[in-house]
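Peer 1: So that we are looking at the same thing, I have put the structure below in C-alpha cells.
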Amino acid sequence: MIAAILTICGATVLTSCSNDDDNSAVVQPVKEYFTLWNQCEALTALKDYVADVTNPNSPNYIKEEDRIATFDMDGTFVGELYPSYFEYNLLEYRVLDDPAYKDIAPEDVRETAQEIRDFVRDGKKLPDHFDMKHAYAAAKAYSGMTLAEFDAYVKTYAQQPANGFSGMTYGQSFYKPMLEVFDYLKDNGFTYYVVSGSDRFICRALVESIGIPSNRVIGMDVRLVSSSQGTEAGVNYTMGKEEDLVRTDELIIKNLKTNKVLQISQEIGKVPVLSFGNSGGDCAMHNYALSNSKYKSAAFMLIADDDARDHANREKALTLGQQWRESGYYVISMRDDFKTIYGDGVVKTDFTFKK
C-alpha cells in the first residue's frame with residue numbers, strides 16, 4: 001500500500017491507495033482543529049503563525065526543540081470569576097470552613113480568609129497588594145502537609161460544584177476552546193508550559209486531568225523539607241527512604257509579572273516564542289516572548305467580555321482589550337470568538353453561599 005501524508009491548514013490528512021493485489025482503499029479522517037471557535041482575527045493569527053514557523057522552507061522556521069509556548073492558568077484556560085480565583089476559594093474554605101483546621105488557624109491567616117469572604121459575598125474591596133498577603137497566608141495554611149496530602153486536598157475541593165454555574169465542578173472549569181489550542185500546538189511540535197501566579201502544586205493538581213505533565217508547571221512556591229529534617233539545612237541533611245516531602249510556611253516566590261520571566265529563564269532555559277495570558281500580571285511574560293531575538297514570536301491576551309455565559313465585567317474587559325492591542329498582543333474575545341466556554345450543559349447561575 002502507498003500512503004501519502006498531506007498537511008492542510010494545520011490538520012494532518014492520511015490518504016491511502018491500493019496496490020495491485022488489493023483494490024480496497026483506506027481513508028483516514030481529517031483531524032479537525034478549533035471546532036469550538038468562531039473564525040476570528042486571533043485564531044487566524046495563531047494558525048498563520050504556526051503554519052509559517054513550522055514550514056521548513058520559511059525564513060521564520062523554528063526547530064521543534066525551540067517551539068516553546070507559555071500559558072498563564074487562571075482566566076487564560078481555567079475560569080477565575082466564580083466568584084474568585086480557585087486558590088482564593090480554597091483558602092477561604094480551609095480557614096473558615098474546614099473542621100480540621102478552622103479552629104487552629106492563626107489570626108493573620110483568618111483575617112486574610114475573611115477578607116476573601118467579604119470580597120466574594122459583600123463586594124468589599126480587597127486590600128492593596130492582596131496577592132502577596134494571600135501568598136503568605138496560604139503558605140501558613142497548608143504548612144505541614146505532605147505533597148501527596150496537599151494534592152488530595154486540592155482535588156477533593158475541586159470536586160465541589162463551581163459556584164455561579166450549574167453542570168460543572170471547579171475541577172472541570174476549563175475553557176474548552178483553549179484546550180483545543182494545546183492540542184493544536186502539540187500536534188505541531190510545540191512544548192507548552194503553565195506559568196501561573198497560583199501555587200505550583202495547586203496548578204499541578206488541576207491540570208493533571210487534561211494531560212499536562214507536572215514538570216511543565218511553574219507557579220508560586222513555598223519551601224519544602226523532608227518530613228524528619230526539622231530545622232536542619234538541606235545541605236547538611238540526608239533524607240531517608242521512608243520520608244516524605246512536606247510544605248513549610250516559608251514563601252519562596254509569588255510568580256507574577258517579572259517573576260514569571262525569571263522563573264521561565266531558570267526552569268525552561270529558553271525564551272518562549274508564544275505566550276498566552278489574560279491580565280497585567282502576564283505582560284512581562286508576553287514581552288519576554290516578543291523580545292525573542294532569534295525567532296518570530298507572538299502573544300495573545302484573552303478578555304473576559306462574555307457576561308451572558310460567564311461572570312464578567314464586559315466594560316472593563318473591552319477597555320483592557322484595547323490596551324492589549326496597543327501593547328502588540330492579539331486579543332481573544334470570549335464572547336465573540338468562543339462557540340462555547342465550558343461546554344454543553346454548563347449554565348451561568350446566580351452565586352449561592354452557605355450561612
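Labeling convention for the C-alpha cells: chains A, B, ... as they appear, residues from 1 per chain, ligands from 1 in order of appearance.
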Apply DSSP to the backbone of this structure and, from stretch 65-312 of chain A, keep only the residues in helix (DSSP H, G or I); write these as a count of residues only.

Peer 2: 106

Peer 1: List every residue of stretch 33-88 of chain A that DSSP, applied to the backbone, labels as strand (DSSP E), and write the result as a list in words.

Peer 2: Ile68, Ala69, Thr70 and Phe71 of chain A

Peer 1: Store the residues picked out above in a file with C-alpha atoms, as a PDB file, in the first residue's frame.

Peer 2:
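Everything below was put into result02.pdb:
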ATOM      1  CA  ILE A  68       8.182  26.863  23.401  1.00  0.00           C
ATOM      2  CA  ALA A  69       4.784  28.259  24.430  1.00  0.00           C
ATOM      3  CA  THR A  70       3.842  29.567  27.877  1.00  0.00           C
ATOM      4  CA  PHE A  71       0.321  29.830  29.294  1.00  0.00           C
TER       5      PHE A  71
END

Peer 1: Find the residues around A:Asn255 up to 8 Å (only C-alpha atoms counted), leave out those fewer than 6 positions away in its own chain, and share them as a VMD selection string.

Peer 2: chain A and resid 195 to 198 219 to 221 263

Peer 1: Export, as an mmCIF file, in the first residue's frame, the selected residues with all heavy atoms.

Peer 2:
data_model
loop_
_atom_site.group_PDB
_atom_site.id
_atom_site.type_symbol
_atom_site.label_atom_id
_atom_site.label_comp_id
_atom_site.auth_asym_id
_atom_site.auth_seq_id
_atom_site.Cartn_x
_atom_site.Cartn_y
_atom_site.Cartn_z
ATOM 1 N N VAL A 195 2.490 28.700 33.356
ATOM 2 C CA VAL A 195 3.272 29.636 34.168
ATOM 3 C C VAL A 195 2.274 30.526 34.900
ATOM 4 O O VAL A 195 1.763 31.493 34.349
ATOM 5 C CB VAL A 195 4.236 30.473 33.303
ATOM 6 C CG1 VAL A 195 5.110 31.353 34.187
ATOM 7 C CG2 VAL A 195 5.104 29.565 32.431
ATOM 8 N N SER A 196 1.988 30.170 36.142
ATOM 9 C CA SER A 196 0.864 30.762 36.862
ATOM 10 C C SER A 196 1.302 31.470 38.135
ATOM 11 O O SER A 196 2.315 31.113 38.748
ATOM 12 C CB SER A 196 -0.142 29.659 37.221
ATOM 13 O OG SER A 196 -1.181 30.140 38.038
ATOM 14 N N GLY A 197 0.496 32.443 38.555
ATOM 15 C CA GLY A 197 0.710 33.067 39.853
ATOM 16 C C GLY A 197 0.197 32.210 40.989
ATOM 17 O O GLY A 197 0.529 32.454 42.152
ATOM 18 N N SER A 198 -0.618 31.213 40.679
ATOM 19 C CA SER A 198 -1.151 30.316 41.702
ATOM 20 C C SER A 198 -0.082 29.325 42.157
ATOM 21 O O SER A 198 0.929 29.114 41.480
ATOM 22 C CB SER A 198 -2.359 29.545 41.157
ATOM 23 O OG SER A 198 -3.450 30.409 40.940
ATOM 24 N N GLY A 219 4.853 27.810 39.133
ATOM 25 C CA GLY A 219 3.910 28.618 39.890
ATOM 26 C C GLY A 219 4.525 29.177 41.155
ATOM 27 O O GLY A 219 5.739 29.114 41.363
ATOM 28 N N MET A 220 3.665 29.718 42.019
ATOM 29 C CA MET A 220 4.108 30.178 43.319
ATOM 30 C C MET A 220 4.705 28.998 44.081
ATOM 31 O O MET A 220 4.207 27.883 44.005
ATOM 32 C CB MET A 220 2.908 30.735 44.095
ATOM 33 C CG MET A 220 3.248 31.321 45.442
ATOM 34 S SD MET A 220 1.755 31.745 46.394
ATOM 35 C CE MET A 220 1.485 30.227 47.296
ATOM 36 N N ASP A 221 5.770 29.266 44.840
ATOM 37 C CA ASP A 221 6.444 28.186 45.551
ATOM 38 C C ASP A 221 6.648 28.511 47.019
ATOM 39 O O ASP A 221 6.954 29.655 47.380
ATOM 40 C CB ASP A 221 7.819 27.894 44.924
ATOM 41 C CG ASP A 221 7.745 26.892 43.792
ATOM 42 O OD1 ASP A 221 6.945 25.949 43.889
ATOM 43 O OD2 ASP A 221 8.472 27.067 42.802
ATOM 44 N N GLN A 263 11.431 32.941 36.373
ATOM 45 C CA GLN A 263 11.201 31.503 36.534
ATOM 46 C C GLN A 263 11.263 30.767 35.200
ATOM 47 O O GLN A 263 11.757 29.643 35.127
ATOM 48 C CB GLN A 263 9.845 31.264 37.212
ATOM 49 C CG GLN A 263 9.781 31.735 38.665
ATOM 50 C CD GLN A 263 10.731 30.962 39.555
ATOM 51 O OE1 GLN A 263 11.898 31.335 39.716
ATOM 52 N NE2 GLN A 263 10.249 29.875 40.132
#

Peer 1: Report the closest atom pair, with its distance in Å rounded to one decimal, for each residue of stretch 18-100 of chain A that has an atom no farther than 10 Å from stretch 300-308 of chain A; count only C-alpha atoms, sort by chain and then rising residue number, and write it as a Markdown table.

Peer 2:
| residue | atom | partner | partner_atom | distance |
| --- | --- | --- | --- | --- |
| A:Ala42 | CA | A:Phe300 | CA | 7.6 |
| A:Leu43 | CA | A:Phe300 | CA | 9.9 |
| A:Ala45 | CA | A:Phe300 | CA | 9.6 |
| A:Leu46 | CA | A:Phe300 | CA | 8.8 |
| A:Phe71 | CA | A:Phe300 | CA | 9.5 |
| A:Asp72 | CA | A:Met301 | CA | 9.9 |
| A:Gly75 | CA | A:Leu302 | CA | 7.7 |
| A:Thr76 | CA | A:Leu302 | CA | 6.2 |
| A:Phe77 | CA | A:Leu302 | CA | 9.0 |
| A:Gly79 | CA | A:Ala304 | CA | 9.6 |
| A:Glu80 | CA | A:Ala304 | CA | 9.7 |
| A:Leu81 | CA | A:Ala304 | CA | 9.0 |

Peer 1: Between A:Ser173, A:Asn55, A:Asn259, A:Gln229, which residue has the minimum interatomic distance to A:Gly343, considering only C-alpha atoms?

Peer 2: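 Closest to A:Gly343, using only C-alpha atoms: A:Ser173.
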
Peer 1: List as a list in words the protein and nucleic acid residues near A:Asp244, meaning an atom at most 9 Å away when only C-alpha atoms are counted, but skip any in the same chain fewer than 3 places from it.

Peer 2: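 Near neighbours after the sequence-gap exclusion: Thr146, Leu147, Ala148, Val225, Ser226, Ser227, Ser228, Met239, Gly240 and Lys241 of chain A.
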
Peer 1: Would you export the selected residues with N, CA and C atoms as a short mmCIF file (atom, residue, chain, number, x, y, z; two decimals), in the first residue's frame, please?

Peer 2:
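Output below, filename selection-v1.cif:
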data_model
loop_
_atom_site.label_atom_id
_atom_site.label_comp_id
_atom_site.auth_asym_id
_atom_site.auth_seq_id
_atom_site.Cartn_x
_atom_site.Cartn_y
_atom_site.Cartn_z
N THR A 146 2.06 16.91 53.60
CA THR A 146 2.93 16.31 52.60
C THR A 146 2.41 16.69 51.23
N LEU A 147 3.24 16.54 50.21
CA LEU A 147 2.79 16.89 48.86
C LEU A 147 1.62 16.02 48.43
N ALA A 148 1.64 14.75 48.83
CA ALA A 148 0.53 13.85 48.48
C ALA A 148 -0.75 14.28 49.19
N VAL A 225 10.57 20.68 52.85
CA VAL A 225 11.56 19.95 53.64
C VAL A 225 11.16 18.48 53.66
N SER A 226 12.07 17.63 54.02
CA SER A 226 11.70 16.24 54.23
C SER A 226 11.08 16.11 55.62
N SER A 227 10.30 15.08 55.81
CA SER A 227 9.44 15.00 56.99
C SER A 227 10.19 14.91 58.30
N SER A 228 11.43 14.46 58.32
CA SER A 228 12.20 14.37 59.56
C SER A 228 13.37 15.35 59.60
N MET A 239 18.10 12.87 53.41
CA MET A 239 16.74 12.36 53.51
C MET A 239 16.74 10.83 53.49
N GLY A 240 15.92 10.24 54.35
CA GLY A 240 15.81 8.79 54.39
C GLY A 240 14.78 8.26 53.40
N LYS A 241 14.85 6.98 53.12
CA LYS A 241 13.95 6.36 52.15
C LYS A 241 12.50 6.41 52.59
#

Peer 1: For a test of reading the model, state the distance in Å between atom CA of A:Thr352 and atom CA of A:Asn163, rounded to one decimal.

Peer 2: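 Between these atoms lies a distance of 6.6 Å.
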
Peer 1: For A:Ile104, list every protein, DNA or RNA residue within 10 Å, evaluated using only C-alpha atoms, and leave out those in the same chain fewer than 6 positions away; present the list as a list in words.

Peer 2: Val95, Arg110 and Ala141 of chain A

Peer 1: Could you save the residues just selected, with N, CA, C and O atoms, as a short mmCIF file (atom, residue, chain, number, x, y, z; two decimals), in the first residue's frame?

Peer 2:
data_model
loop_
_atom_site.label_atom_id
_atom_site.label_comp_id
_atom_site.auth_asym_id
_atom_site.auth_seq_id
_atom_site.Cartn_x
_atom_site.Cartn_y
_atom_site.Cartn_z
N VAL A 95 -9.68 27.84 55.88
CA VAL A 95 -9.54 28.60 57.13
C VAL A 95 -10.87 28.80 57.84
O VAL A 95 -10.94 28.75 59.08
N ARG A 110 -6.56 33.87 59.36
CA ARG A 110 -8.02 34.01 59.45
C ARG A 110 -8.47 35.37 58.89
O ARG A 110 -9.49 35.46 58.19
N ALA A 141 -1.27 28.26 55.87
CA ALA A 141 -2.48 27.44 55.99
C ALA A 141 -2.26 25.99 55.61
O ALA A 141 -2.94 25.10 56.12
#

Peer 1: With distances taken over only C-alpha atoms, which residue among A:Gly280, A:Ala113, A:Phe130, A:Tyr237 lies nearest A:Gln323?

Peer 2: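 Checking each of A:Gly280, A:Ala113, A:Phe130, A:Tyr237 against A:Gln323, counting only C-alpha atoms, the winner is A:Gly280.
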
Peer 1: Find, counting only C-alpha atoms, the residue in A:Ser297, A:Ser166, A:Ser209, A:Asn287 that gets nearest to A:Arg309.

Peer 2: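 So, comparing all the options, the nearest one is A:Ser166.
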
Peer 1: Calculate how many Å separate atom CA of A:Leu36 from atom CA of A:Pro177, rounding to one decimal.

Peer 2: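 About the pair atom CA of A:Leu36 and atom CA of A:Pro177: they are 5.3 Å apart.
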
Peer 1: Point out the residue among A:Pro59, A:Pro127, A:Pro99, A:Gly328 with the least atom-to-atom distance to A:Glu111, counting only C-alpha atoms.

Peer 2: A:Pro127

Peer 1: What is the distance between atom CA of A:Lys124 and atom CA of A:Tyr85, in Å to one decimal?

Peer 2: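 Taking atom CA of A:Lys124 as the start and atom CA of A:Tyr85 as the end point, the length is 15.7 Å.
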
Peer 1: For A:Asn292, find every residue with an atom within 8 Å (counting only C-alpha atoms), except residues of its own chain fewer than 3 positions away, and show them as a PyMOL selection string.

Peer 2: chain A and resi 271-273+288-289+295-297

Peer 1: Extract, using only C-alpha atoms, all DNA, RNA and protein residues at most 6 Å from A:Val53, discarding same-chain residues fewer than 6 positions from it, and format them as a PyMOL selection string.

Peer 2: chain A and resi 60-62
